[in-house]
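S.K.: File name data20.txt; file contents compact mmCIF, C-alpha atoms; full text below.
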# COMPACT_ATOMS: atom_id res chain seq x y z
CA MET A 1356 0.00 0.00 0.00
CA PRO A 1357 1.35 3.46 -0.87
CA GLU A 1358 0.91 4.92 2.62
CA ILE A 1359 3.12 2.21 4.14
CA SER A 1360 5.83 2.79 1.56
CA LEU A 1361 5.63 6.53 2.18
CA ALA A 1362 5.90 6.02 5.95
CA LEU A 1363 8.91 3.72 5.49
CA THR A 1364 10.62 6.16 3.15
CA LEU A 1365 10.05 9.04 5.57
CA ASP A 1366 11.37 6.97 8.46
CA LEU A 1367 14.50 5.90 6.57
CA VAL A 1368 15.25 9.49 5.59
CA ILE A 1369 14.82 10.75 9.15
CA VAL A 1370 16.94 7.92 10.58
CA ALA A 1371 19.69 8.55 8.03
CA ILE A 1372 19.74 12.31 8.71
CA CYS A 1373 19.69 11.89 12.50
CA ALA A 1374 22.39 9.21 12.42
CA GLY A 1375 24.55 11.37 10.14
CA LEU A 1376 24.20 14.43 12.37
CA LEU A 1377 25.01 12.41 15.48
CA TRP A 1378 28.02 10.80 13.82
CA THR A 1379 29.50 14.13 12.74
CA GLY A 1380 28.53 16.29 15.71
CA GLY A 1381 27.36 14.10 18.56
CA ARG A 1382 30.75 13.01 19.97
CA LEU A 1383 29.62 9.43 19.65
CA SER A 1384 31.13 6.28 21.02
CA ALA A 1385 29.65 2.86 21.66
CA LEU A 1386 28.91 4.00 25.22
CA HIS A 1387 26.84 6.97 24.05
CA PRO A 1388 23.09 6.48 24.71
CA ALA A 1389 22.30 7.61 21.17
CA VAL A 1390 23.66 4.31 19.83
CA LEU A 1391 21.19 2.24 21.85
CA TYR A 1392 18.33 4.63 21.11
CA LEU A 1393 18.96 4.43 17.37
CA PHE A 1394 19.11 0.64 17.58
CA CYS A 1395 15.76 0.54 19.42
CA HIS A 1396 14.16 2.83 16.87
CA LEU A 1397 15.43 0.75 13.98
CA TYR A 1398 14.20 -2.48 15.53
CA VAL A 1399 10.80 -1.23 16.73
CA VAL A 1400 9.85 1.22 13.98
CA THR A 1401 11.93 0.73 10.84
CA VAL A 1402 11.94 -3.07 10.84
CA ARG A 1403 8.21 -3.13 11.62
CA LEU A 1404 7.46 -0.87 8.66
CA LEU A 1405 9.61 -3.13 6.48
CA THR A 1406 7.55 -6.17 7.51
CA LEU A 1407 4.33 -4.28 6.75
CA VAL A 1408 5.62 -3.35 3.30
CA ALA A 1409 6.48 -7.02 2.81
CA GLY A 1410 2.88 -7.98 3.53
CA ALA A 1411 2.69 -8.63 7.28
CA VAL A 1412 -0.71 -8.04 8.85
CA PRO A 1413 -0.71 -5.28 11.49
CA TYR A 1414 -2.08 -6.07 14.94
CA ALA A 1415 -3.72 -2.65 15.16
CA PRO A 1416 -5.49 -0.81 12.32
CA LEU A 1417 -2.91 0.39 9.82
CA HIS A 1418 -3.62 4.10 10.26
CA GLU A 1419 -2.97 3.76 14.00
CA VAL A 1420 0.38 2.02 13.42
CA LEU A 1421 1.44 4.65 10.90
CA ARG A 1422 0.52 7.41 13.35
CA ALA A 1423 2.70 5.78 16.02
CA ALA A 1424 5.54 5.49 13.49
CA PHE A 1425 5.26 9.18 12.62
CA VAL A 1426 5.27 10.18 16.30
CA SER A 1427 8.33 7.98 16.83
CA ASP A 1428 10.10 9.77 13.98
CA ILE A 1429 9.32 13.18 15.49
CA ALA A 1430 10.56 11.92 18.85
CA LEU A 1431 13.79 10.74 17.20
CA ILE A 1432 14.31 14.24 15.80
CA GLY A 1433 13.81 15.70 19.27
CA VAL A 1434 16.18 13.18 20.85
CA THR A 1435 18.81 13.94 18.21
CA ALA A 1436 18.50 17.66 18.91
CA VAL A 1437 19.05 17.02 22.63
CA PHE A 1438 22.14 14.88 22.03
CA LEU A 1439 23.62 17.44 19.63
CA HIS A 1440 23.03 20.23 22.14
CA LEU A 1441 24.74 18.24 24.88
CA ALA A 1442 27.66 17.50 22.57
CA ARG A 1443 28.15 21.23 21.89
CA THR A 1444 28.22 22.00 25.61
CA ALA A 1445 30.21 18.89 26.56
CA GLY A 1446 33.51 20.73 26.96
CA GLN A 1447 32.14 22.91 29.75
CA GLN A 1448 30.51 19.92 31.46
CA VAL A 1449 33.69 17.82 31.27
CA ARG A 1450 35.73 20.67 32.78
CA MET A 1451 33.21 21.05 35.59
CA HIS A 1452 33.19 17.35 36.48
CA SER A 1453 36.95 16.95 36.05
CA GLN A 1454 37.42 19.26 39.03
CA ARG A 1455 35.49 16.79 41.21
CA LYS A 1456 37.36 13.73 42.34
CA SER A 1457 35.62 10.41 41.89
CA ARG A 1458 34.97 7.69 44.37
CA ILE A 1459 36.95 4.62 43.40
CA LEU A 1460 35.37 1.18 43.32
CA GLN A 1461 36.50 -0.95 46.25
CA SER A 1462 36.97 -4.56 45.23
CA ARG A 1463 36.04 -5.81 48.71
CA TYR A 1464 32.58 -4.27 48.42
CA VAL A 1465 32.04 -5.59 44.91
CA LEU A 1466 33.26 -9.08 45.78
CA THR A 1467 31.18 -9.27 48.97
CA VAL A 1468 27.99 -8.23 47.21
CA ALA A 1469 28.74 -10.49 44.23
CA ALA A 1470 29.37 -13.52 46.45
CA VAL A 1471 26.20 -13.02 48.50
CA ALA A 1472 24.12 -12.31 45.38
CA CYS A 1473 25.48 -15.37 43.62
CA MET A 1474 24.71 -17.71 46.52
CA ILE A 1475 21.21 -16.33 47.08
CA GLY A 1476 20.56 -16.32 43.35
CA LEU A 1477 21.64 -19.92 42.86
CA VAL A 1478 19.41 -21.06 45.72
CA GLY A 1479 16.54 -19.01 44.35
CA SER A 1480 17.04 -20.39 40.86
CA TRP A 1481 17.02 -23.94 42.18
CA TYR A 1482 13.80 -23.59 44.12
CA LEU A 1483 11.96 -21.27 41.72
CA ARG A 1484 13.08 -22.60 38.35
CA PHE A 1485 14.80 -25.95 38.41
CA ALA A 1486 13.37 -28.04 41.26
CA GLY A 1487 9.69 -28.36 40.49
CA VAL A 1488 8.52 -24.80 40.89
CA ASP A 1489 4.84 -25.67 41.30
CA VAL A 1490 5.47 -27.97 44.26
CA ILE A 1491 8.68 -27.07 46.05
CA ALA A 1492 8.42 -23.30 45.73
CA GLN A 1493 4.86 -23.30 47.03
CA ARG A 1494 5.78 -25.64 49.88
CA THR A 1495 8.90 -23.61 50.76
CA PHE A 1496 7.71 -20.03 50.33
CA GLY A 1497 3.94 -20.32 50.53
CA SER A 1498 2.14 -17.23 49.24
CA TRP A 1499 5.50 -15.55 48.70
CA SER A 1500 6.30 -18.00 45.88
CA SER A 1501 4.64 -15.64 43.39
CA SER A 1502 6.18 -12.45 44.77
CA SER A 1503 8.55 -10.55 42.50
CA TRP A 1504 10.74 -9.92 45.55
CA LEU A 1505 11.65 -13.61 45.38
CA TRP A 1506 11.70 -13.99 41.61
CA ILE A 1507 14.22 -11.22 41.06
CA THR A 1508 16.83 -13.31 42.89
CA VAL A 1509 16.93 -15.54 39.79
CA TYR A 1510 18.74 -12.67 38.04
CA TRP A 1511 21.37 -12.19 40.74
CA PRO A 1512 24.01 -14.77 39.69
CA ILE A 1513 24.40 -13.17 36.27
CA GLN A 1514 24.95 -9.78 37.93
CA ALA A 1515 27.56 -11.28 40.24
CA ALA A 1516 29.42 -12.66 37.23
CA VAL A 1517 29.49 -9.43 35.22
CA MET A 1518 30.50 -7.37 38.27
CA TRP A 1519 33.46 -9.70 38.83
CA HIS A 1520 34.60 -9.12 35.25
CA TYR A 1521 34.20 -5.36 35.66
CA ILE A 1522 36.79 -5.42 38.45
CA PHE A 1523 39.14 -8.22 37.43
CA GLY A 1524 38.87 -8.46 33.66
CA TYR A 1525 38.21 -11.42 31.41
CA ARG A 1526 40.17 -14.45 32.51
CA PRO A 1527 39.31 -17.65 30.58
CA VAL A 1528 38.26 -19.71 33.62
CA ALA A 1529 35.98 -16.95 34.84
CA LEU A 1530 34.47 -16.58 31.35
CA VAL A 1531 33.55 -20.27 31.36
CA PHE A 1532 31.72 -19.79 34.66
CA THR A 1533 30.01 -16.68 33.30
CA ALA A 1534 28.92 -18.55 30.17
CA ALA A 1535 27.38 -21.25 32.39
CA ILE A 1536 25.51 -18.56 34.36
CA PHE A 1537 24.20 -17.02 31.14
CA ILE A 1538 22.99 -20.43 29.93
CA MET A 1539 21.32 -21.13 33.27
CA THR A 1540 19.58 -17.76 33.12
CA ALA A 1541 18.50 -18.41 29.53
CA LEU A 1542 16.99 -21.75 30.53
CA SER A 1543 14.86 -19.91 33.08
CA GLN A 1544 13.04 -18.45 30.03
CA ALA A 1545 14.02 -14.90 30.91
CA ARG A 1546 15.33 -12.94 27.93
CA PHE A 1547 15.86 -9.45 29.25
CA PRO A 1548 18.68 -10.26 31.74
CA ILE A 1549 20.62 -11.97 28.95
CA VAL A 1550 20.41 -8.82 26.84
CA ILE A 1551 20.86 -6.21 29.58
CA PHE A 1552 23.75 -7.83 31.39
CA GLY A 1553 25.28 -9.12 28.15
CA ILE A 1554 25.42 -5.52 26.92
CA PHE A 1555 26.84 -4.44 30.29
CA LEU A 1556 29.59 -7.06 29.92
CA CYS A 1557 30.50 -5.82 26.45
CA LEU A 1558 30.41 -2.15 27.42
CA SER A 1559 32.54 -2.74 30.50
CA PHE A 1560 35.12 -4.40 28.23
CA LEU A 1561 35.25 -1.25 26.10
CA SER A 1562 35.50 0.95 29.18
CA ARG A 1563 38.26 -1.17 30.69
CA ARG A 1564 40.30 -1.02 27.47
CA GLY A 1565 39.54 2.66 26.80
CA LEU A 1566 37.98 1.84 23.41
CA ARG A 1567 35.42 4.00 21.66
CA TRP A 1568 34.09 1.27 19.37
CA PRO A 1569 33.93 -2.51 19.84
CA PRO A 1570 36.44 -4.82 18.16
CA ALA A 1571 35.29 -7.74 16.04
CA ARG A 1572 35.02 -10.20 18.94
CA ILE A 1573 32.69 -7.92 20.87
CA LEU A 1574 30.59 -7.38 17.76
CA ALA A 1575 30.40 -11.15 17.45
CA VAL A 1576 29.11 -11.45 21.04
CA LEU A 1577 26.50 -8.76 20.40
CA ALA A 1578 25.47 -10.48 17.17
CA ILE A 1579 25.02 -13.77 19.03
CA LEU A 1580 22.90 -11.99 21.65
CA ALA A 1581 20.76 -10.48 18.90
CA VAL A 1582 20.30 -13.82 17.12
CA VAL A 1583 19.58 -15.80 20.28
CA TRP A 1584 17.27 -13.20 21.85
CA PHE A 1585 14.57 -13.55 19.23
CA PRO A 1586 13.74 -17.27 19.65
CA LEU A 1587 15.08 -17.63 23.20
CA LYS A 1588 11.70 -18.38 24.77
CA VAL A 1589 11.09 -21.14 22.23
CA ILE A 1590 14.60 -22.53 22.76
CA SER A 1591 14.12 -22.62 26.54
CA ALA A 1592 10.67 -24.21 26.34
CA SER A 1593 11.94 -26.79 23.85
CA ALA A 1594 14.91 -27.60 26.10
CA TRP A 1595 12.62 -28.09 29.11
CA ALA A 1596 10.44 -30.36 26.97
CA GLY A 1597 13.44 -32.63 26.42
CA ASP A 1598 13.87 -32.03 22.68
CA ASP A 1599 17.15 -32.89 21.04
CA LEU A 1600 19.45 -30.20 19.66
CA GLY A 1601 18.19 -30.66 16.10
CA THR A 1602 14.57 -30.18 17.16
CA ILE A 1603 15.44 -27.16 19.30
CA ALA A 1604 17.31 -25.56 16.39
CA GLN A 1605 14.46 -26.25 13.97
CA LYS A 1606 11.87 -24.76 16.31
CA ALA A 1607 14.04 -21.68 16.74
CA VAL A 1608 14.39 -21.25 12.98
CA ASN A 1609 10.67 -21.75 12.41
CA TYR A 1610 9.78 -19.26 15.12
CA THR A 1611 12.16 -16.67 13.70
CA GLU A 1612 10.91 -17.14 10.15
CA ASP A 1613 7.26 -16.96 11.20
CA ASN A 1614 7.84 -13.74 13.12
CA ILE A 1615 9.79 -12.07 10.33
CA VAL A 1616 7.38 -13.09 7.57
CA ALA A 1617 4.16 -12.60 9.49
CA GLY A 1618 5.37 -9.85 11.80
CA GLY A 1619 4.76 -11.78 15.02
CA GLY A 1620 4.58 -10.56 18.60
CA ASP A 1621 8.28 -9.74 18.85
CA LEU A 1622 7.89 -7.30 15.96
CA GLN A 1623 4.59 -5.75 17.05
CA PHE A 1624 5.81 -3.32 19.69
CA LEU A 1625 4.87 -0.39 17.46
CA ASP A 1626 1.38 -1.84 17.01
CA GLN A 1627 0.96 -2.11 20.77
CA ALA A 1628 2.03 1.49 21.29
CA ALA A 1629 -0.43 2.54 18.59
CA THR A 1630 -3.19 0.70 20.44
CA VAL A 1631 -2.32 2.48 23.69
CA MET A 1632 -2.46 5.86 21.97
CA THR A 1633 -5.88 5.12 20.49
CA LEU A 1634 -7.26 3.90 23.82
CA VAL A 1635 -5.98 7.09 25.47
CA ASP A 1636 -7.94 9.09 22.89
CA GLU A 1637 -11.06 7.04 23.63
CA HIS A 1638 -10.49 7.50 27.36
CA GLY A 1639 -10.94 11.21 26.80
CA GLN A 1640 -8.28 12.63 29.13
CA TYR A 1641 -4.55 12.49 29.76
CA PHE A 1642 -2.90 11.32 32.96
CA TYR A 1643 -0.41 14.19 33.40
CA GLY A 1644 2.28 12.19 35.16
CA THR A 1645 0.04 10.03 37.33
CA THR A 1646 1.07 6.93 35.34
CA LEU A 1647 4.21 7.00 37.49
CA LEU A 1648 2.43 7.09 40.85
CA PRO A 1649 2.31 3.26 41.28
CA LEU A 1650 6.09 3.41 41.63
CA LEU A 1651 5.58 4.96 45.07
CA VAL A 1652 3.92 1.80 46.37
CA SER A 1653 5.79 -0.74 44.25
CA PRO A 1654 8.14 -1.72 47.15
CA VAL A 1655 5.16 -3.03 49.15
CA PRO A 1656 4.88 -6.79 48.51
CA ARG A 1657 1.59 -7.77 46.91
CA VAL A 1658 1.35 -10.51 49.55
CA TRP A 1659 0.72 -7.73 52.07
CA TRP A 1660 -1.43 -5.61 49.73
CA PRO A 1661 -3.28 -7.80 47.22
CA ASP A 1662 -5.08 -4.83 45.64
CA LYS A 1663 -1.94 -2.76 45.22
CA PRO A 1664 -2.10 -0.59 42.05
CA ALA A 1665 -0.33 -2.26 39.16
CA LEU A 1666 2.65 -0.59 37.51
CA ASN A 1667 0.58 -0.46 34.32
CA GLN A 1668 -2.51 0.77 36.16
CA TYR A 1669 -3.22 3.43 33.55
CA MET A 1670 -3.40 0.70 30.92
CA ARG A 1671 -5.98 -1.09 33.05
CA ASP A 1672 -7.93 2.15 33.24
CA ILE A 1673 -8.05 2.67 29.47
CA GLN A 1674 -8.45 -0.92 28.25
CA ASN A 1675 -11.81 -2.20 27.05
CA GLN A 1676 -13.36 -5.53 26.19
CA ASP A 1677 -12.16 -5.40 22.59
CA ARG A 1678 -8.63 -4.35 23.52
CA PRO A 1679 -7.64 -5.77 26.94
CA ILE A 1680 -4.08 -4.49 26.66
CA ALA A 1681 -3.23 -4.76 30.36
CA ASP A 1682 -4.61 -8.28 30.65
CA PHE A 1683 -2.52 -9.31 27.63
CA GLY A 1684 0.62 -7.71 29.08
CA MET A 1685 1.11 -5.31 26.17
CA ILE A 1686 3.68 -2.54 26.26
CA SER A 1687 3.35 1.15 25.45
CA LEU A 1688 6.83 2.20 24.31
CA LEU A 1689 8.22 5.43 25.73
CA ILE A 1690 6.16 7.41 23.23
CA GLY A 1691 2.96 5.66 24.29
CA GLU A 1692 3.57 6.41 27.94
CA GLY A 1693 4.37 10.00 27.02
CA TYR A 1694 1.21 10.24 24.92
CA ALA A 1695 -0.87 8.94 27.83
CA ASN A 1696 0.49 11.75 30.00
CA GLY A 1697 0.35 14.65 27.58
CA GLY A 1698 -0.73 13.76 24.08
CA TYR A 1699 1.63 14.47 21.19
CA VAL A 1700 3.65 16.88 23.33
CA GLY A 1701 4.23 14.20 25.96
CA ALA A 1702 5.07 11.60 23.31
CA VAL A 1703 7.96 13.78 22.16
CA LEU A 1704 9.01 15.26 25.51
CA PHE A 1705 9.35 11.93 27.34
CA PRO A 1706 12.04 10.61 24.94
CA MET A 1707 13.76 14.02 25.00
CA LEU A 1708 13.81 13.97 28.81
CA VAL A 1709 15.35 10.49 28.80
CA ALA A 1710 17.91 11.59 26.20
CA TRP A 1711 18.86 14.61 28.29
CA CYS A 1712 19.35 12.54 31.47
CA TYR A 1713 21.38 9.81 29.79
CA GLY A 1714 23.34 12.29 27.67
CA ARG A 1715 24.28 14.43 30.66
CA ALA A 1716 25.42 11.32 32.52
CA TYR A 1717 27.51 10.21 29.53
CA PHE A 1718 29.52 13.42 29.32
CA ALA A 1719 29.80 13.60 33.11
CA VAL A 1720 31.57 10.25 33.46
CA MET A 1721 33.27 9.41 30.18
CA HIS A 1722 36.43 11.31 31.13
CA LYS A 1723 36.65 9.37 34.38
CA PRO A 1724 38.67 6.16 34.86
CA HIS A 1725 37.12 2.75 34.50
CA ASN A 1726 37.40 2.03 38.23
CA SER A 1727 35.46 5.15 39.22
CA LEU A 1728 32.07 4.72 40.84
CA GLY A 1729 30.49 7.16 38.40
CA LYS A 1730 31.58 5.16 35.35
CA PHE A 1731 30.30 1.93 36.92
CA ALA A 1732 26.93 3.50 37.82
CA TYR A 1733 26.51 4.88 34.31
CA LEU A 1734 27.21 1.50 32.75
CA VAL A 1735 24.65 -0.10 35.07
CA PHE A 1736 21.97 2.30 33.86
CA LEU A 1737 22.90 2.45 30.17
CA PRO A 1738 21.80 -1.05 29.02
CA THR A 1739 18.37 -0.59 30.63
CA LEU A 1740 17.71 2.20 28.12
CA ILE A 1741 16.38 -0.63 25.94
CA GLN A 1742 13.71 -1.38 28.54
CA VAL A 1743 12.97 2.33 29.04
CA PHE A 1744 12.40 2.69 25.29
CA ARG A 1745 10.13 -0.37 25.38
CA ASP A 1746 8.19 0.17 28.63
CA GLY A 1747 8.54 3.85 29.51
CA LEU A 1748 9.93 5.76 32.48
CA VAL A 1749 8.63 3.13 34.89
CA ALA A 1750 11.33 0.80 33.59
CA LEU A 1751 14.02 3.29 34.61
CA VAL A 1752 13.15 2.54 38.23
CA ILE A 1753 12.11 -1.10 38.00
CA PHE A 1754 15.04 -2.41 35.97
CA ASN A 1755 17.69 -0.45 37.84
CA LEU A 1756 16.63 -0.14 41.47
CA ILE A 1757 14.83 -3.49 41.71
CA VAL A 1758 15.96 -5.95 39.03
CA SER A 1759 19.59 -4.76 39.27
CA MET A 1760 19.47 -4.65 43.06
CA PRO A 1761 22.93 -6.21 43.72
CA MET A 1762 24.62 -3.72 41.39
CA MET A 1763 22.71 -0.85 42.91
CA PHE A 1764 23.68 -2.07 46.40
CA VAL A 1765 27.34 -1.79 45.38
CA ILE A 1766 26.67 1.84 44.52
CA TYR A 1767 24.85 2.43 47.82
CA LEU A 1768 27.73 0.95 49.82
CA HIS A 1769 30.26 3.26 48.18
CA TYR A 1770 28.18 6.36 48.83
CA ALA A 1771 27.61 5.31 52.43
CA PHE A 1772 31.11 4.17 53.41
CA THR A 1773 33.58 5.86 51.08
CA SER A 1774 34.46 9.47 50.37
CA ARG A 1775 35.87 11.35 47.44
CA PRO A 1776 39.69 11.18 47.36
CA ARG A 1777 41.53 14.40 48.14
CA LEU A 1778 44.32 13.65 45.72
CA ALA A 1779 43.97 13.04 42.03
CA GLN A 1780 43.17 9.42 41.32
CA ALA A 1781 45.64 7.16 39.58
CA ALA A 1782 45.61 7.19 35.82
CA ALA A 1783 43.40 4.58 34.20
CA PRO A 1784 42.05 3.98 30.68
CA ARG A 1785 39.57 6.61 29.66
CA LEU A 1786 37.19 6.83 26.76
CA ALA A 1787 37.65 9.76 24.43
CA VAL A 1788 34.55 11.81 23.70
CA GLY A 1789 35.82 13.74 20.70
CA ARG A 1790 34.26 13.91 17.26
CA ALA A 1791 33.77 10.72 15.36
CA GLY A 1792 36.88 9.76 13.52
CA SER A 1793 39.12 11.98 15.62
For this file, produce the structure as structure tokens.
M.R.:
Amino acid sequence: MPEISLALTLDLVIVAICAGLLWTGGRLSALHPAVLYLFCHLYVVTVRLLTLVAGAVPYAPLHEVLRAAFVSDIALIGVTAVFLHLARTAGQQVRMHSQRKSRILQSRYVLTVAAVACMIGLVGSWYLRFAGVDVIAQRTFGSWSSSSWLWITVYWPIQAAVMWHYIFGYRPVALVFTAAIFIMTALSQARFPIVIFGIFLCLSFLSRRGLRWPPARILAVLAILAVVWFPLKVISASAWAGDDLGTIAQKAVNYTEDNIVAGGGDLQFLDQAATVMTLVDEHGQYFYGTTLLPLLVSPVPRVWWPDKPALNQYMRDIQNQDRPIADFGMISLLIGEGYANGGYVGAVLFPMLVAWCYGRAYFAVMHKPHNSLGKFAYLVFLPTLIQVFRDGLVALVIFNLIVSMPMMFVIYLHYAFTSRPRLAQAAAPRLAVGRAGS
């Protein structure tokens, strides 16, 4: 249809212009948030439009999907403008932060937290994933067996592994252990920790070596993550069903082909955001920031408060019988959450706000050594930008303060029990933030 082709052409032009401007004037490196944001846009918007041009059937009415694509393009322009502005003022910001000494990561804190997190996480994984979850977990934890406060411990061993590498590097024996932890986490049918902490591992390698762009071996790891992520749920389910390697591989290939050709659920994020925007219109009023209020009560276990407001409460408020988006666990994208709070203005401002926060943090810490607390904290937050793009500002809190609890606890310990050094810290590899190609 001509309108799909027009939307795809417009999107490709905007992506090319924004990427070109960022490359020439954005002081890019692989650790710059613009790289992840562009990747998310390409995957969610551009690839989806390509599948629609190829004949995939949209989940939402086509005009709604195209509207969401157009809003995403406008948001990308706004995000690019923010990153370019921050790049122009980066020199002043770097000078300001260079006058402040950085707390240095203490290996004893990192190792203590990693060891405790690994032990708790392995026990949690055994009882909640690998030892008959329906029987043993219920018998052991009772009503708490469904609490997210217990389930998040499944993601602790992988954090312990990547934190160890951040401090001590990439020794072969340790990498074997880390690979085993990644496989165990993958078998638990959880995809996001593989992606988030896999990206953290790759970015910490670049930071440790003072590299601006990844070498071939890191690109290979990222490519493997990208390939495995798509059919990972099918691979895990097939493995638990006892299928042989050939059957598992065939199911993964079939799942991937079906999604690409038909535009399955893993390529319908834009459709889901479009649905949220339409339901907001039908709801008749915006939420003006109240979509974030459930975060205030999120620490209260649902065991103690069964009727606690859900994190996607606004989606429950706008859903209807024909489109039960909250019941189906649909996502809104950052633009959808922004639209729910302020219409088209909110849909553009929310991504720009995220870009400003991440961009400021990038230029504040990129001149600092790898072993500084600021650099570590930034690299903890950076990979979750993928979830923020997908789920909105709520994910900024959930996936950092809660899911990444062991890593955040390392940060808390340093702020509580260490102070800024009075003397200049020892020289360590730093990442240049000059113009691309410089």
S.K.: Can you build me a table of segment 1578-1641 of chain A residues sitting at most 7 Å from segment 1422-1446 of chain A, with the closest atom pair per residue and its distance in Å to one decimal, using all atoms listed in the file, sorted by chain and residue number, as a Markdown table?
M.R.:
| residue | atom | partner | partner_atom | distance |
| --- | --- | --- | --- | --- |
| A:Leu1625 | CA | A:Ala1423 | CA | 6.7 |
| A:Ala1628 | CA | A:Ala1423 | CA | 6.8 |
| A:Ala1629 | CA | A:Ala1423 | CA | 5.2 |
S.K.: Excluding same-chain residues fewer than 2 positions from Thr1739 of chain A, what lies within 8 Å of it counting only C-alpha atoms, as a list in words?
M.R.: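 Those residues are Ile1551, Val1735, Phe1736, Leu1737, Ile1741, Gln1742, Val1743, Ala1750, Leu1751, Phe1754 and Asn1755 of chain A.
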S.K.: As a PyMOL selection string, please: the residues near Ile1766 of chain A (cut-off 9 Å, all atoms listed in the file, same-chain neighbours under 2 positions excluded).
M.R.: chain A and resi 1460+1728-1729+1731-1732+1761-1764+1768-1771
S.K.: Compile a residue-level contact table for segment 1617-1677 of chain A against segment 1696-1701 of chain A at a cut-off of 9 Å, reporting for every qualifying residue the shortest atom pair and its distance in Å to one decimal, with all atoms listed in the file counted, rows ordered by chain and ascending number, as a tab-separated table.
M.R.:
residue	atom	partner	partner_atom	distance
A:Met1632	CA	A:Gly1698	CA	8.4
A:Val1635	CA	A:Gly1698	CA	8.6
A:Asp1636	CA	A:Gly1698	CA	8.7
A:Gln1640	CA	A:Asn1696	CA	8.9
A:Tyr1641	CA	A:Asn1696	CA	5.1
A:Phe1642	CA	A:Asn1696	CA	4.5
A:Tyr1643	CA	A:Asn1696	CA	4.3
A:Gly1644	CA	A:Asn1696	CA	5.5
A:Thr1645	CA	A:Asn1696	CA	7.5
A:Thr1646	CA	A:Asn1696	CA	7.2
S.K.: So how many Å separate atom CA of Trp1511 of chain A and atom CA of Thr1533 of chain A, to one decimal?
M.R.: 12.3 Å
S.K.: If we count all atoms listed in the file and set the cut-off at 9 Å, which residues sit around Leu1405 of chain A, ignoring sequence neighbours fewer than 6 positions away in its own chain? Please answer as a PyMOL selection string.
M.R.: chain A and resi 1359-1360+1363+1411
S.K.: When distances are computed from only C-alpha atoms, which of A:Tyr1510, A:Phe1532, A:Tyr1669, A:Phe1718 shows the smallest separation from Ile1549 of chain A?
M.R.: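 Closest residue, counting only C-alpha atoms: A:Tyr1510.
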S.K.: Rank nothing, just name the residue among A:Ala1541, A:Val1368, A:Leu1600, A:Ala1415 nearest to Trp1584 of chain A, using only C-alpha atoms.
M.R.: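 With only C-alpha atoms as the atom set, the closest residue is A:Ala1541.
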S.K.: If you count all atoms listed in the file, which residues fall within 7 Å of Phe1555 of chain A, apart from same-chain ones fewer than 2 positions away, as a PyMOL selection string?
M.R.: chain A and resi 1551-1553+1557-1559+1734-1735+1738
S.K.: Mind pulling up the distance from atom CA of Leu1666 of chain A to atom CA of Phe1683 of chain A?
M.R.: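 Between atom CA of Phe1683 of chain A and atom CA of Leu1666 of chain A the gap works out to 14.2 Å.
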S.K.: Measuring atom to atom with only C-alpha atoms, identify which of A:Phe1772, A:Gln1514, A:Pro1679, A:Ser1653 is nearest to Ser1759 of chain A.
M.R.: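 Closest to Ser1759 of chain A, using only C-alpha atoms: A:Gln1514.
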S.K.: Rank A:Leu1421, A:Ala1592, A:Val1703, A:Ala1469 by their smallest atom-to-atom distance to Thr1630 of chain A, using only C-alpha atoms, and report the top residue only.
M.R.: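 Nearest candidate to Thr1630 of chain A out of A:Leu1421, A:Ala1592, A:Val1703, A:Ala1469: A:Leu1421.
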S.K.: Quick one: of A:Ile1507, A:Val1550, A:Ser1774, A:Asp1613, who's nearest to Leu1756 of chain A, counting only C-alpha atoms?
M.R.: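 Under the stated criterion, the closest residue is A:Ile1507.
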S.K.: Would you work out the distance separating atom CA of Ser1462 of chain A from atom CA of Ser1727 of chain A, expressed in Å to one decimal?
M.R.: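 Taking atom CA of Ser1462 of chain A as the start and atom CA of Ser1727 of chain A as the end point, the length is 11.5 Å.
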